[in-house]
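Here's work_18.cif, which has mmCIF, C-alpha atoms:
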```cif
data_data
#
loop_
_atom_site.label_atom_id
_atom_site.label_comp_id
_atom_site.auth_asym_id
_atom_site.auth_seq_id
_atom_site.Cartn_x
_atom_site.Cartn_y
_atom_site.Cartn_z
CA MET A 1491 147.42 -10.63 -20.36
CA ILE A 1492 149.76 -12.86 -18.39
CA SER A 1493 148.80 -13.63 -14.81
CA ARG A 1494 151.64 -14.38 -12.38
CA SER A 1495 151.71 -15.31 -8.70
CA PHE A 1496 153.60 -12.99 -6.33
CA SER A 1497 153.24 -15.07 -3.15
CA ASN A 1498 156.40 -15.54 -1.10
CA ARG A 1499 155.90 -18.86 -1.44
CA ARG A 1500 172.92 -28.08 10.26
CA PRO A 1501 179.32 -26.86 16.17
CA SER A 1502 179.63 -28.10 16.91
CA VAL A 1503 179.08 -31.40 15.09
CA TYR A 1504 176.26 -33.45 16.58
CA TRP A 1505 177.93 -36.66 15.55
CA LEU A 1506 175.14 -39.21 15.40
CA ILE A 1507 172.62 -36.70 14.11
CA LEU A 1508 174.91 -35.66 11.30
CA LEU A 1509 175.42 -39.23 10.11
CA ILE A 1510 171.69 -39.35 9.43
CA SER A 1511 171.40 -35.80 8.13
CA ILE A 1512 174.22 -36.17 5.61
CA SER A 1513 172.27 -38.87 3.81
CA LEU A 1514 169.22 -36.61 3.67
CA HIS A 1515 170.72 -33.33 2.58
CA THR A 1516 173.42 -34.21 0.07
CA ASN A 1517 172.99 -35.38 -3.48
CA ALA A 1518 174.47 -38.63 -4.70
CA PHE A 1519 176.45 -37.12 -7.58
CA GLY A 1520 178.10 -34.48 -5.42
CA GLN A 1521 181.07 -34.59 -3.08
CA TYR A 1522 180.41 -31.82 -0.58
CA ASN A 1523 179.42 -32.93 2.90
CA LEU A 1524 177.12 -31.67 5.60
CA LEU A 1525 179.56 -30.39 8.19
CA VAL A 1526 177.25 -28.79 10.74
CA GLN A 1527 173.51 -28.58 11.34
CA LYS A 1528 171.85 -26.08 13.68
CA ASP A 1529 168.20 -26.59 14.59
CA GLY A 1530 165.47 -24.46 16.08
CA ALA A 1531 164.61 -25.53 19.64
CA VAL A 1532 160.88 -24.81 19.52
CA ALA A 1533 158.21 -25.24 16.89
CA GLY A 1534 157.75 -22.06 14.92
CA ASP A 1535 161.22 -20.59 15.60
CA LYS A 1536 162.05 -20.58 11.87
CA LEU A 1537 165.78 -20.79 12.51
CA GLY A 1538 167.55 -20.26 9.19
CA TRP A 1539 165.26 -17.48 8.00
CA SER A 1540 168.47 -15.49 7.63
CA VAL A 1541 172.08 -16.70 7.54
CA ALA A 1542 175.46 -15.11 6.92
CA GLY A 1543 179.16 -15.64 7.12
CA ALA A 1544 180.36 -13.40 9.94
CA GLY A 1545 184.13 -13.37 9.39
CA ASP A 1546 186.48 -14.05 12.31
CA VAL A 1547 184.48 -12.65 15.22
CA ASN A 1548 186.39 -14.22 18.13
CA GLY A 1549 189.90 -13.86 16.74
CA ASP A 1550 190.80 -17.56 16.62
CA GLY A 1551 191.69 -17.51 12.93
CA VAL A 1552 188.58 -19.44 11.85
CA PRO A 1553 185.58 -17.69 10.27
CA ASP A 1554 182.33 -17.69 12.24
CA TYR A 1555 178.70 -17.53 11.14
CA LEU A 1556 175.40 -15.89 12.00
CA ILE A 1557 171.84 -17.27 11.98
CA GLY A 1558 168.56 -15.41 12.47
CA MET A 1559 165.23 -16.77 13.77
CA PRO A 1560 162.83 -13.82 13.83
CA TYR A 1561 159.80 -15.85 14.94
CA CYS A 1562 161.25 -17.37 18.11
CA ASP A 1563 159.92 -16.31 21.53
CA PRO A 1564 162.81 -15.33 23.84
CA SER A 1565 161.68 -14.90 27.45
CA GLY A 1566 158.18 -15.87 26.32
CA MET A 1567 157.77 -12.82 24.07
CA THR A 1568 155.96 -13.96 20.95
CA SER A 1569 158.06 -13.47 17.81
CA ALA A 1570 160.46 -11.10 19.51
CA GLY A 1571 163.11 -12.93 17.52
CA SER A 1572 166.77 -13.78 18.02
CA ALA A 1573 170.07 -13.90 16.17
CA ILE A 1574 173.00 -16.10 17.17
CA VAL A 1575 176.69 -15.89 16.27
CA TYR A 1576 178.37 -19.31 16.30
CA SER A 1577 182.04 -20.22 16.41
CA GLY A 1578 183.18 -21.71 13.14
CA ALA A 1579 185.81 -23.73 15.00
CA SER A 1580 183.61 -25.34 17.67
CA GLY A 1581 180.00 -24.43 16.91
CA ALA A 1582 179.67 -22.86 20.37
CA ILE A 1583 177.50 -19.78 20.78
CA LEU A 1584 179.62 -16.63 20.79
CA PHE A 1585 176.80 -14.09 21.03
CA ARG A 1586 173.02 -14.27 21.18
CA LYS A 1587 170.91 -11.19 20.57
CA ASP A 1588 167.23 -11.38 21.59
CA GLY A 1589 164.37 -9.10 20.72
CA ALA A 1590 162.88 -7.10 23.59
CA ALA A 1591 159.26 -6.76 22.45
CA ILE A 1592 156.44 -8.91 21.10
CA ASN A 1593 156.54 -9.19 17.31
CA GLU A 1594 159.84 -7.31 17.10
CA GLY A 1595 161.22 -9.93 14.71
CA LEU A 1596 164.89 -9.53 15.55
CA GLY A 1597 166.98 -11.58 13.16
CA TYR A 1598 164.89 -10.92 10.08
CA TYR A 1599 168.07 -9.95 8.26
CA VAL A 1600 171.66 -10.61 9.35
CA SER A 1601 175.06 -9.95 7.84
CA GLY A 1602 178.72 -9.83 8.64
CA THR A 1603 180.15 -6.36 8.24
CA GLY A 1604 183.88 -6.84 8.49
CA ASP A 1605 185.88 -4.83 11.05
CA VAL A 1606 184.06 -1.52 11.32
CA ASN A 1607 185.85 -0.19 14.42
CA GLY A 1608 189.45 -1.21 13.76
CA ASP A 1609 189.93 -3.59 16.71
CA GLY A 1610 190.93 -6.54 14.52
CA ARG A 1611 187.68 -8.47 14.99
CA ALA A 1612 184.87 -8.87 12.47
CA ASP A 1613 181.64 -7.19 13.51
CA PHE A 1614 178.04 -8.01 12.53
CA ILE A 1615 174.64 -6.50 11.84
CA VAL A 1616 171.12 -7.67 12.81
CA THR A 1617 167.74 -6.12 12.03
CA ASN A 1618 164.23 -6.18 13.41
CA GLN A 1619 161.21 -4.75 11.61
CA THR A 1620 162.37 -1.13 11.79
CA GLN A 1621 165.95 -0.90 13.06
CA ALA A 1622 169.40 -2.25 12.25
CA PHE A 1623 171.99 -2.86 14.98
CA VAL A 1624 175.72 -3.13 14.33
CA TYR A 1625 177.48 -5.10 17.08
CA SER A 1626 181.11 -5.50 18.05
CA GLY A 1627 182.60 -8.90 17.34
CA ALA A 1628 185.03 -8.40 20.21
CA ASN A 1629 182.48 -7.93 23.01
CA GLY A 1630 178.99 -7.90 21.47
CA GLY A 1631 178.44 -4.24 22.35
CA LEU A 1632 176.29 -1.98 20.20
CA LEU A 1633 178.34 0.15 17.80
CA HIS A 1634 175.69 1.70 15.58
CA GLN A 1635 171.89 1.76 15.35
CA LYS A 1636 170.10 2.92 12.19
CA ALA A 1637 166.59 2.95 10.78
CA ALA A 1638 166.02 -0.08 8.58
CA GLY A 1639 163.25 -2.44 7.48
CA GLY A 1640 164.92 -4.26 4.60
CA PRO A 1641 168.10 -6.11 3.66
CA VAL A 1642 171.49 -5.27 5.17
CA ALA A 1643 175.02 -6.00 4.00
CA GLY A 1644 178.65 -5.40 4.69
CA ALA A 1645 180.13 -3.08 2.10
CA SER A 1646 183.89 -3.47 2.78
CA ASP A 1647 185.91 -0.23 2.73
CA VAL A 1648 183.93 2.07 0.47
CA ASN A 1649 185.54 5.40 1.43
CA GLY A 1650 189.13 4.25 1.77
CA ASP A 1651 189.61 5.11 5.46
CA GLY A 1652 190.78 1.60 6.39
CA TYR A 1653 187.53 0.61 8.13
CA ALA A 1654 184.76 -1.61 6.79
CA ASP A 1655 181.50 0.15 5.95
CA PHE A 1656 177.92 -1.18 5.84
CA MET A 1657 174.64 -0.88 3.93
CA ILE A 1658 171.04 -0.74 5.15
CA SER A 1659 167.85 -0.77 3.07
CA ASN A 1660 164.19 -0.05 3.68
CA PHE A 1661 163.40 -1.63 0.29
CA SER A 1662 162.76 1.69 -1.43
CA GLN A 1663 166.03 3.38 -0.43
CA THR A 1664 169.49 2.14 0.50
CA SER A 1665 171.95 3.97 2.73
CA VAL A 1666 175.68 3.31 2.85
CA TYR A 1667 177.28 4.25 6.18
CA SER A 1668 180.83 4.71 7.40
CA GLY A 1669 181.77 1.90 9.75
CA ALA A 1670 184.18 4.15 11.60
CA THR A 1671 181.80 7.02 12.35
CA GLY A 1672 178.31 5.88 11.36
CA ASP A 1673 178.03 8.87 9.03
CA LEU A 1674 176.00 8.59 5.87
CA LEU A 1675 178.17 8.15 2.77
CA TYR A 1676 175.56 7.54 0.04
CA GLN A 1677 171.84 7.10 -0.47
CA LYS A 1678 170.52 5.27 -3.50
CA THR A 1679 167.02 4.44 -4.73
CA GLY A 1680 166.01 0.79 -4.40
CA GLY A 1681 166.85 -1.93 -1.93
CA SER A 1682 165.06 -5.18 -2.76
CA ALA A 1683 168.55 -6.70 -2.61
CA ILE A 1684 171.89 -5.09 -1.73
CA ALA A 1685 175.49 -6.25 -1.46
CA GLY A 1686 179.08 -5.17 -1.26
CA ILE A 1687 180.88 -6.63 -4.26
CA GLY A 1688 184.51 -5.59 -3.80
CA ASP A 1689 186.66 -3.30 -5.91
CA ILE A 1690 185.58 -3.91 -9.49
CA ASP A 1691 187.01 -0.77 -11.10
CA GLY A 1692 190.52 -1.01 -9.63
CA ASP A 1693 190.54 2.31 -7.80
CA GLY A 1694 191.23 0.78 -4.38
CA LYS A 1695 187.72 1.44 -3.06
CA ALA A 1696 185.02 -1.22 -2.60
CA ASP A 1697 181.98 -0.92 -4.84
CA PHE A 1698 178.39 -1.99 -4.18
CA ILE A 1699 175.12 -3.07 -5.79
CA VAL A 1700 171.56 -1.89 -5.12
CA CYS A 1701 168.53 -3.54 -6.75
CA ASP A 1702 164.95 -2.49 -7.37
CA HIS A 1703 162.98 -5.51 -8.53
CA TYR A 1704 159.92 -3.35 -9.20
CA ALA A 1705 161.73 -0.97 -11.55
CA ASP A 1706 160.30 -0.54 -15.03
CA PRO A 1707 163.26 -0.56 -17.47
CA GLY A 1708 160.99 -0.81 -20.51
CA PHE A 1709 159.14 -3.69 -18.85
CA THR A 1710 156.60 -3.40 -16.03
CA ASN A 1711 158.33 -4.65 -12.87
CA GLY A 1712 161.08 -6.06 -15.01
CA GLY A 1713 163.49 -4.94 -12.33
CA SER A 1714 166.96 -3.41 -12.37
CA ALA A 1715 170.29 -3.76 -10.59
CA TYR A 1716 172.63 -0.79 -10.20
CA VAL A 1717 176.35 -1.14 -9.52
CA TYR A 1718 177.93 1.94 -7.96
CA SER A 1719 181.46 3.18 -7.41
CA GLY A 1720 182.47 3.27 -3.78
CA ALA A 1721 184.85 6.13 -4.50
CA THR A 1722 182.37 8.51 -6.11
CA GLY A 1723 178.90 6.96 -5.85
CA SER A 1724 178.57 7.14 -9.62
CA LEU A 1725 176.82 4.43 -11.63
CA LEU A 1726 179.19 1.84 -13.10
CA TYR A 1727 176.66 -0.62 -14.55
CA GLN A 1728 172.91 -1.00 -14.85
CA LYS A 1729 171.45 -4.45 -15.55
CA ASN A 1730 167.79 -4.97 -16.35
CA GLY A 1731 165.11 -7.64 -16.48
CA HIS A 1732 163.97 -8.80 -19.91
CA LEU A 1733 160.20 -9.23 -19.49
CA ASP A 1734 157.28 -7.79 -17.58
CA TYR A 1735 157.32 -9.00 -13.96
CA ASP A 1736 160.74 -10.70 -14.13
CA LEU A 1737 161.53 -9.13 -10.73
CA PHE A 1738 165.17 -8.91 -11.74
CA GLY A 1739 167.00 -7.87 -8.58
CA SER A 1740 165.04 -10.17 -6.27
CA SER A 1741 168.47 -11.14 -4.91
CA ALA A 1742 172.06 -10.07 -5.44
CA ALA A 1743 175.52 -10.86 -4.10
CA GLY A 1744 179.20 -10.41 -4.65
CA ALA A 1745 180.38 -13.56 -6.43
CA GLY A 1746 184.13 -13.26 -5.87
CA ASP A 1747 186.50 -13.74 -8.80
CA VAL A 1748 184.57 -16.23 -10.91
CA ASN A 1749 186.46 -15.91 -14.18
CA GLY A 1750 189.99 -15.58 -12.80
CA ASP A 1751 190.78 -12.13 -14.17
CA GLY A 1752 191.69 -10.70 -10.76
CA THR A 1753 188.51 -8.63 -10.47
CA PRO A 1754 185.50 -9.63 -8.33
CA ASP A 1755 182.28 -10.43 -10.16
CA PHE A 1756 178.62 -10.22 -9.10
CA ILE A 1757 175.39 -12.21 -9.36
CA VAL A 1758 171.75 -11.11 -9.63
CA GLY A 1759 168.57 -13.20 -9.28
CA ALA A 1760 165.26 -12.72 -11.07
CA ARG A 1761 162.84 -15.06 -9.34
CA LEU A 1762 159.96 -14.72 -11.80
CA ALA A 1763 161.99 -14.66 -15.02
CA ASP A 1764 160.28 -16.01 -18.14
CA LEU A 1765 156.58 -16.51 -18.60
CA GLN A 1766 156.35 -19.57 -16.33
CA ASN A 1767 157.87 -18.10 -13.14
CA SER A 1768 160.90 -20.35 -13.67
CA GLY A 1769 163.32 -17.75 -12.40
CA ALA A 1770 166.94 -17.20 -13.36
CA ALA A 1771 170.31 -16.08 -12.02
CA TYR A 1772 172.87 -14.03 -13.92
CA VAL A 1773 176.60 -13.83 -13.18
CA TYR A 1774 178.36 -10.74 -14.55
CA SER A 1775 181.99 -9.79 -14.94
CA GLY A 1776 183.00 -7.06 -12.54
CA ALA A 1777 185.68 -5.86 -14.94
CA THR A 1778 183.52 -5.46 -18.04
CA GLY A 1779 179.89 -5.96 -16.99
CA THR A 1780 179.46 -8.74 -19.56
CA LEU A 1781 177.29 -11.75 -18.80
CA LEU A 1782 179.42 -14.75 -17.75
CA TYR A 1783 176.68 -17.25 -16.93
CA GLN A 1784 172.90 -17.45 -16.98
CA LYS A 1785 171.17 -20.23 -15.01
CA ASN A 1786 167.49 -20.91 -15.63
CA GLY A 1787 164.95 -22.78 -13.53
CA GLU A 1788 161.97 -24.94 -14.38
CA ALA A 1789 158.38 -23.76 -14.37
CA ASP A 1790 157.26 -22.28 -11.03
CA GLU A 1791 160.58 -23.07 -9.27
CA GLN A 1792 161.55 -19.39 -8.95
CA TRP A 1793 165.29 -19.82 -9.33
CA GLY A 1794 167.10 -16.79 -8.01
CA HIS A 1795 164.91 -16.23 -4.97
CA SER A 1796 168.33 -16.34 -3.32
CA VAL A 1797 171.84 -16.17 -4.75
CA SER A 1798 175.28 -16.10 -3.15
CA GLY A 1799 178.94 -16.39 -3.85
CA ALA A 1800 180.17 -19.69 -2.41
CA GLY A 1801 183.89 -18.91 -2.25
CA ASP A 1802 186.35 -21.36 -3.78
CA VAL A 1803 184.65 -24.61 -2.81
CA ASN A 1804 186.67 -27.02 -4.96
CA GLY A 1805 190.13 -25.46 -4.67
CA ASP A 1806 190.62 -24.63 -8.34
CA GLY A 1807 191.41 -20.97 -7.65
CA ARG A 1808 188.06 -19.68 -8.93
CA ALA A 1809 185.11 -18.53 -6.84
CA ASP A 1810 182.02 -20.71 -7.19
CA PHE A 1811 178.40 -19.63 -6.76
CA LEU A 1812 175.00 -20.73 -5.41
CA VAL A 1813 171.47 -20.35 -6.77
CA GLY A 1814 168.43 -21.06 -4.59
CA SER A 1815 165.02 -22.33 -5.65
CA ILE A 1816 162.72 -22.43 -2.62
CA TYR A 1817 159.74 -23.71 -4.59
CA ALA A 1818 161.48 -26.70 -6.15
CA ASP A 1819 159.80 -30.05 -5.39
CA PRO A 1820 162.64 -32.57 -4.85
CA ALA A 1821 161.46 -36.17 -4.47
CA GLY A 1822 157.90 -34.91 -4.77
CA HIS A 1823 158.06 -32.74 -1.64
CA SER A 1824 156.21 -29.58 -2.59
CA SER A 1825 158.34 -26.48 -2.09
CA ALA A 1826 160.94 -28.37 -0.07
CA GLY A 1827 163.43 -26.25 -1.98
CA SER A 1828 166.77 -26.88 -3.64
CA VAL A 1829 170.12 -25.12 -3.92
CA PHE A 1830 172.47 -25.52 -6.86
CA LEU A 1831 176.24 -25.14 -6.56
CA PHE A 1832 177.96 -24.12 -9.78
CA SER A 1833 181.62 -24.00 -10.73
CA GLY A 1834 182.92 -20.52 -11.31
CA ALA A 1835 185.53 -21.83 -13.73
CA THR A 1836 183.19 -23.72 -16.04
CA GLY A 1837 179.64 -22.85 -15.03
CA ASN A 1838 178.90 -26.56 -14.65
CA LEU A 1839 176.67 -27.86 -11.89
CA MET A 1840 178.88 -29.23 -9.09
CA GLN A 1841 176.17 -30.40 -6.71
CA ARG A 1842 172.49 -30.08 -5.94
CA PHE A 1843 171.28 -29.91 -2.31
CA ASP A 1844 167.62 -30.62 -1.55
CA GLY A 1845 165.19 -29.95 1.25
CA THR A 1846 163.45 -33.03 2.63
CA VAL A 1847 160.22 -31.68 4.10
CA THR A 1848 157.23 -30.29 2.27
CA TYR A 1849 157.35 -26.47 2.35
CA GLU A 1850 160.78 -26.45 4.04
CA ASN A 1851 161.85 -23.63 1.70
CA PHE A 1852 165.43 -24.92 1.80
CA GLY A 1853 167.59 -22.18 0.30
CA TYR A 1854 165.52 -19.29 1.61
CA ALA A 1855 168.81 -17.72 2.65
CA MET A 1856 172.43 -18.74 2.05
CA SER A 1857 175.96 -17.40 2.32
CA SER A 1858 179.61 -18.28 1.97
CA ILE A 1859 181.43 -18.69 5.31
CA GLY A 1860 185.07 -19.34 4.40
CA ASP A 1861 187.54 -22.10 5.28
CA LEU A 1862 186.38 -23.87 8.45
CA ASN A 1863 188.73 -26.86 8.48
CA GLY A 1864 192.01 -25.50 7.14
CA ASN A 1865 191.89 -27.29 3.81
CA GLY A 1866 191.93 -24.08 1.79
CA ARG A 1867 188.38 -24.55 0.54
CA SER A 1868 185.32 -22.54 1.41
CA ALA A 1869 182.26 -23.79 3.30
CA PHE A 1870 178.80 -22.30 2.90
CA ILE A 1871 175.56 -22.14 4.89
CA ILE A 1872 171.97 -22.70 3.72
CA GLY A 1873 168.79 -21.93 5.66
CA GLY A 1874 165.64 -24.07 5.71
CA PRO A 1875 163.35 -22.03 7.98
CA ASN A 1876 160.36 -24.36 7.72
CA ALA A 1877 162.23 -27.60 8.47
CA HIS A 1878 160.88 -29.91 11.19
CA PRO A 1879 163.95 -31.02 13.20
CA GLY A 1880 163.03 -33.62 15.79
CA GLY A 1881 159.42 -33.33 14.70
CA ARG A 1882 159.24 -29.66 15.80
CA SER A 1883 157.08 -28.07 13.13
CA ARG A 1884 158.78 -25.15 11.40
CA ALA A 1885 161.46 -24.91 14.07
CA GLY A 1886 163.83 -24.47 11.15
CA SER A 1887 167.36 -25.60 10.45
CA ALA A 1888 170.57 -24.23 8.98
CA TYR A 1889 173.04 -26.48 7.20
CA ILE A 1890 176.75 -25.94 6.60
CA TYR A 1891 178.37 -27.77 3.70
CA GLY A 1892 181.94 -28.07 2.53
CA ASP A 1893 184.75 -30.34 1.40
CA GLY A 1894 186.06 -32.91 3.91
CA ASP A 1895 184.87 -32.71 7.52
CA LEU A 1896 185.50 -30.80 10.73
CA GLY A 1897 187.39 -33.66 12.38
CA ASP A 1898 186.36 -36.21 14.98
CA PRO A 1899 185.07 -34.36 18.06
CA CYS A 1900 186.84 -36.98 20.19
CA ASP A 1901 190.24 -35.93 18.81
CA SER A 1902 192.54 -34.72 21.57
CA ASP A 1903 193.25 -31.46 19.78
CA VAL A 1904 189.58 -30.48 19.66
CA ILE A 1905 188.68 -28.05 22.45
CA VAL A 1906 185.74 -29.50 24.36
CA PRO A 1907 183.13 -26.94 25.46
CA THR A 1908 182.50 -26.66 29.19
CA LEU A 1909 178.91 -27.13 30.29
CA VAL A 1910 177.89 -24.65 32.93
CA CYS A 1911 174.82 -26.59 34.10
CA GLN A 1912 173.19 -29.99 33.68
CA ALA A 1913 172.20 -30.57 30.08
CA ASP A 1914 169.30 -32.71 28.97
CA LYS A 1915 170.68 -33.53 25.54
CA GLN A 1916 174.31 -34.57 25.17
CA ILE A 1917 176.61 -36.46 22.89
CA GLY A 1918 179.78 -37.70 24.53
CA CYS A 1919 183.17 -39.23 23.90
CA GLY A 1920 183.47 -41.89 26.58
CA GLU A 1921 182.50 -40.20 29.84
CA SER A 1922 183.28 -36.67 28.62
CA VAL A 1923 180.48 -34.49 27.35
CA VAL A 1924 181.44 -33.03 24.00
CA PHE A 1925 178.44 -31.10 22.79
CA ASP A 1926 175.18 -29.91 24.26
CA GLU A 1927 172.34 -28.75 22.06
CA PRO A 1928 169.98 -26.22 23.72
CA THR A 1929 166.36 -27.30 23.74
CA ALA A 1930 163.09 -25.91 25.00
CA THR A 1931 163.73 -27.28 28.50
CA ASP A 1932 167.45 -26.55 28.59
CA ASN A 1933 168.86 -23.07 29.12
CA CYS A 1934 172.37 -24.46 29.30
CA ASP A 1935 174.71 -23.58 26.43
CA PRO A 1936 178.23 -24.75 25.73
CA SER A 1937 180.87 -22.12 26.36
#
```
Represent the structure contained in this file as structure tokens.
Amino acid sequence: MISRSFSNRRPSVYWLILLISISLHTNAFGQYNLLVQKDGAVAGDKLGWSVAGAGDVNGDGVPDYLIGMPYCDPSGMTSAGSAIVYSGASGAILFRKDGAAINEGLGYYVSGTGDVNGDGRADFIVTNQTQAFVYSGANGGLLHQKAAGGPVAGASDVNGDGYADFMISNFSQTSVYSGATGDLLYQKTGGSAIAGIGDIDGDGKADFIVCDHYADPGFTNGGSAYVYSGATGSLLYQKNGHLDYDLFGSSAAGAGDVNGDGTPDFIVGARLADLQNSGAAYVYSGATGTLLYQKNGEADEQWGHSVSGAGDVNGDGRADFLVGSIYADPAGHSSAGSVFLFSGATGNLMQRFDGTVTYENFGYAMSSIGDLNGNGRSAFIIGGPNAHPGGRSRAGSAYIYGDGDLGDPCDSDVIVPTLVCQADKQIGCGESVVFDEPTATDNCDPS
């Protein structure tokens, strides 16, 4: 009998800090730079536990992003949790949502939803331990509240009414809701990982994937992933793990058009695949369901704990993809974690990104964001919830990578945030304050 472990084992650009961080969190053979780093202000915040591209929330034409820190203590409430929406253009805080009760854990899961209410702004979703909250990107107001407990995702327009829809899981069951009305559209068994994947069957409706990593498709806890039609709710594909305890469906994501056939593809992770808990990630064609790529980890690295589409990172017209391994030991740092960026066109490794602190769990969560600097190439965000920024134990960090840079913050065409009170931590251009980073003793944010 095989025994296996089931433990669950960086806008603003802060100029001087980034010069140091780039050398720490990029790999020598790659070409993609650290554009932004966001850090937890207090030890134990675990910023980066969840991350997501949010779409264009503030209507400035640049995609924004969302970061959760479910163990932070807003207003002194232990682990009430918070989630923050940041401007992709400036890094300024657009919205902050704080938990209202001790141990609420707001920010455990986050996702962009697309425009659910038809006002032209992308909206977003945040969960605590039991509830999911869909907020307006235009004003931050609450649009929908649903029972939750597990992963959440934007589903795009499943029912063809012109509004984006959304998905909520409690791990054992997944519900797909109308963004326009909040009405239930579908319920499906499973929910270890869920994602909208786009229109893969060409009927004009967005389709979606629901995983159950404890399913038994001929193998005990081999796991399964189910791809459903948005138009009818019928099963389009079922993909299964290959061995007992593979936990296929530990993670899943829309991959974008990886193979250039005009149809979006999808990716599924199996974090305990093979007999050595190496883990694997599988990229499938949306058009045919055939396997395009399989990426395998090394013993005990648990590749596929997280997976994500990266968008077109290198500008070759194909969507690229990310595979996370939170138990990788780069440079001998136990479980610092690593993320691997692969070309959609060739399947070749484009770059490896490594955590730098023991047990950082770099790659715990990750997501594509979109084009932040107008070069036509996508940026992506990676969470390291147990990072120690500034020596703050497990305050956590989130890192945004992409091609090029976001420009010199001293450039005259960069909009400088206004500080509404005296800041204790500033980086300036001459005598002008450019960025302020909130800290434990500073309740002043850039606006």
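The space separating atom CA of A:Ala1573 from atom CA of A:Leu1674 comes to 25.4 Å.
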Report as a PDB file with C-alpha atoms, keeping the file's coordinate frame the full result of the PyMOL selection byres ((chain A and resi 1643-1649) around 8) when it is applied to this structure.
```pdb
ATOM      1  CA  VAL A1600     171.660 -10.610   9.350  1.00  0.00           C
ATOM      2  CA  SER A1601     175.060  -9.950   7.840  1.00  0.00           C
ATOM      3  CA  GLY A1602     178.720  -9.830   8.640  1.00  0.00           C
ATOM      4  CA  THR A1603     180.150  -6.360   8.240  1.00  0.00           C
ATOM      5  CA  GLY A1604     183.880  -6.840   8.490  1.00  0.00           C
ATOM      6  CA  ILE A1615     174.640  -6.500  11.840  1.00  0.00           C
ATOM      7  CA  PRO A1641     168.100  -6.110   3.660  1.00  0.00           C
ATOM      8  CA  VAL A1642     171.490  -5.270   5.170  1.00  0.00           C
ATOM      9  CA  GLY A1650     189.130   4.250   1.770  1.00  0.00           C
ATOM     10  CA  ASP A1651     189.610   5.110   5.460  1.00  0.00           C
ATOM     11  CA  GLY A1652     190.780   1.600   6.390  1.00  0.00           C
ATOM     12  CA  TYR A1653     187.530   0.610   8.130  1.00  0.00           C
ATOM     13  CA  ALA A1654     184.760  -1.610   6.790  1.00  0.00           C
ATOM     14  CA  ASP A1655     181.500   0.150   5.950  1.00  0.00           C
ATOM     15  CA  PHE A1656     177.920  -1.180   5.840  1.00  0.00           C
ATOM     16  CA  MET A1657     174.640  -0.880   3.930  1.00  0.00           C
ATOM     17  CA  ILE A1658     171.040  -0.740   5.150  1.00  0.00           C
ATOM     18  CA  VAL A1666     175.680   3.310   2.850  1.00  0.00           C
ATOM     19  CA  SER A1668     180.830   4.710   7.400  1.00  0.00           C
ATOM     20  CA  LEU A1675     178.170   8.150   2.770  1.00  0.00           C
ATOM     21  CA  ILE A1684     171.890  -5.090  -1.730  1.00  0.00           C
ATOM     22  CA  ALA A1685     175.490  -6.250  -1.460  1.00  0.00           C
ATOM     23  CA  GLY A1686     179.080  -5.170  -1.260  1.00  0.00           C
ATOM     24  CA  ILE A1687     180.880  -6.630  -4.260  1.00  0.00           C
ATOM     25  CA  GLY A1688     184.510  -5.590  -3.800  1.00  0.00           C
ATOM     26  CA  LYS A1695     187.720   1.440  -3.060  1.00  0.00           C
ATOM     27  CA  ALA A1696     185.020  -1.220  -2.600  1.00  0.00           C
ATOM     28  CA  ASP A1697     181.980  -0.920  -4.840  1.00  0.00           C
ATOM     29  CA  PHE A1698     178.390  -1.990  -4.180  1.00  0.00           C
ATOM     30  CA  GLY A1720     182.470   3.270  -3.780  1.00  0.00           C
ATOM     31  CA  ALA A1721     184.850   6.130  -4.500  1.00  0.00           C
TER      32      ALA A1721
END
```
Ground truth for the PyMOL selection byres ((chain A and resi 1575) around 7), written as a PyMOL selection string = chain A and resi 1555-1557+1573-1574+1576-1577+1583-1586
Could you tell me how far atom CA of A:Asn1786 lies from atom CA of A:Gly1731, in Å and to one decimal?
-> 13.5 Å
Neighbour list for A:Tyr1735 as a list in words, cut-off 9 Å, all atoms listed in the file, skip fewer than 2 positions in-chain |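 Contacts, in chain order: Arg1494, His1703, Tyr1704, Phe1709, Thr1710, Asn1711, Gly1712, Gly1713, Gly1731, His1732, Leu1733, Leu1737, Phe1738, Leu1762, Ala1763, Asp1764 and Leu1765 of chain A.
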Residues of stretch 1548-1612 of chain A that have any atom at most 12 Å from an atom of stretch 1864-1876 of chain A: could you tabulate them with the shortest-distance atom pair and the distance in Å to one decimal, using all atoms listed in the file, ordered by chain and increasing number, as JSON lines?
```
{"residue": "A:Gly1551", "atom": "CA", "partner": "A:Gly1864", "partner_atom": "CA", "distance": 9.9}
{"residue": "A:Val1552", "atom": "CA", "partner": "A:Gly1864", "partner_atom": "CA", "distance": 8.4}
{"residue": "A:Pro1553", "atom": "CA", "partner": "A:Ala1869", "partner_atom": "CA", "distance": 9.8}
{"residue": "A:Asp1554", "atom": "CA", "partner": "A:Ala1869", "partner_atom": "CA", "distance": 10.8}
{"residue": "A:Tyr1555", "atom": "CA", "partner": "A:Ile1871", "partner_atom": "CA", "distance": 8.4}
{"residue": "A:Leu1556", "atom": "CA", "partner": "A:Ile1871", "partner_atom": "CA", "distance": 9.5}
{"residue": "A:Ile1557", "atom": "CA", "partner": "A:Gly1873", "partner_atom": "CA", "distance": 8.4}
{"residue": "A:Gly1558", "atom": "CA", "partner": "A:Gly1873", "partner_atom": "CA", "distance": 9.4}
{"residue": "A:Met1559", "atom": "CA", "partner": "A:Pro1875", "partner_atom": "CA", "distance": 8.0}
{"residue": "A:Pro1560", "atom": "CA", "partner": "A:Pro1875", "partner_atom": "CA", "distance": 10.1}
{"residue": "A:Tyr1561", "atom": "CA", "partner": "A:Pro1875", "partner_atom": "CA", "distance": 10.0}
{"residue": "A:Cys1562", "atom": "CA", "partner": "A:Pro1875", "partner_atom": "CA", "distance": 11.3}
{"residue": "A:Gly1578", "atom": "CA", "partner": "A:Ala1869", "partner_atom": "CA", "distance": 10.1}
{"residue": "A:Ala1579", "atom": "CA", "partner": "A:Gly1864", "partner_atom": "CA", "distance": 10.2}
{"residue": "A:Tyr1598", "atom": "CA", "partner": "A:Pro1875", "partner_atom": "CA", "distance": 11.4}
```
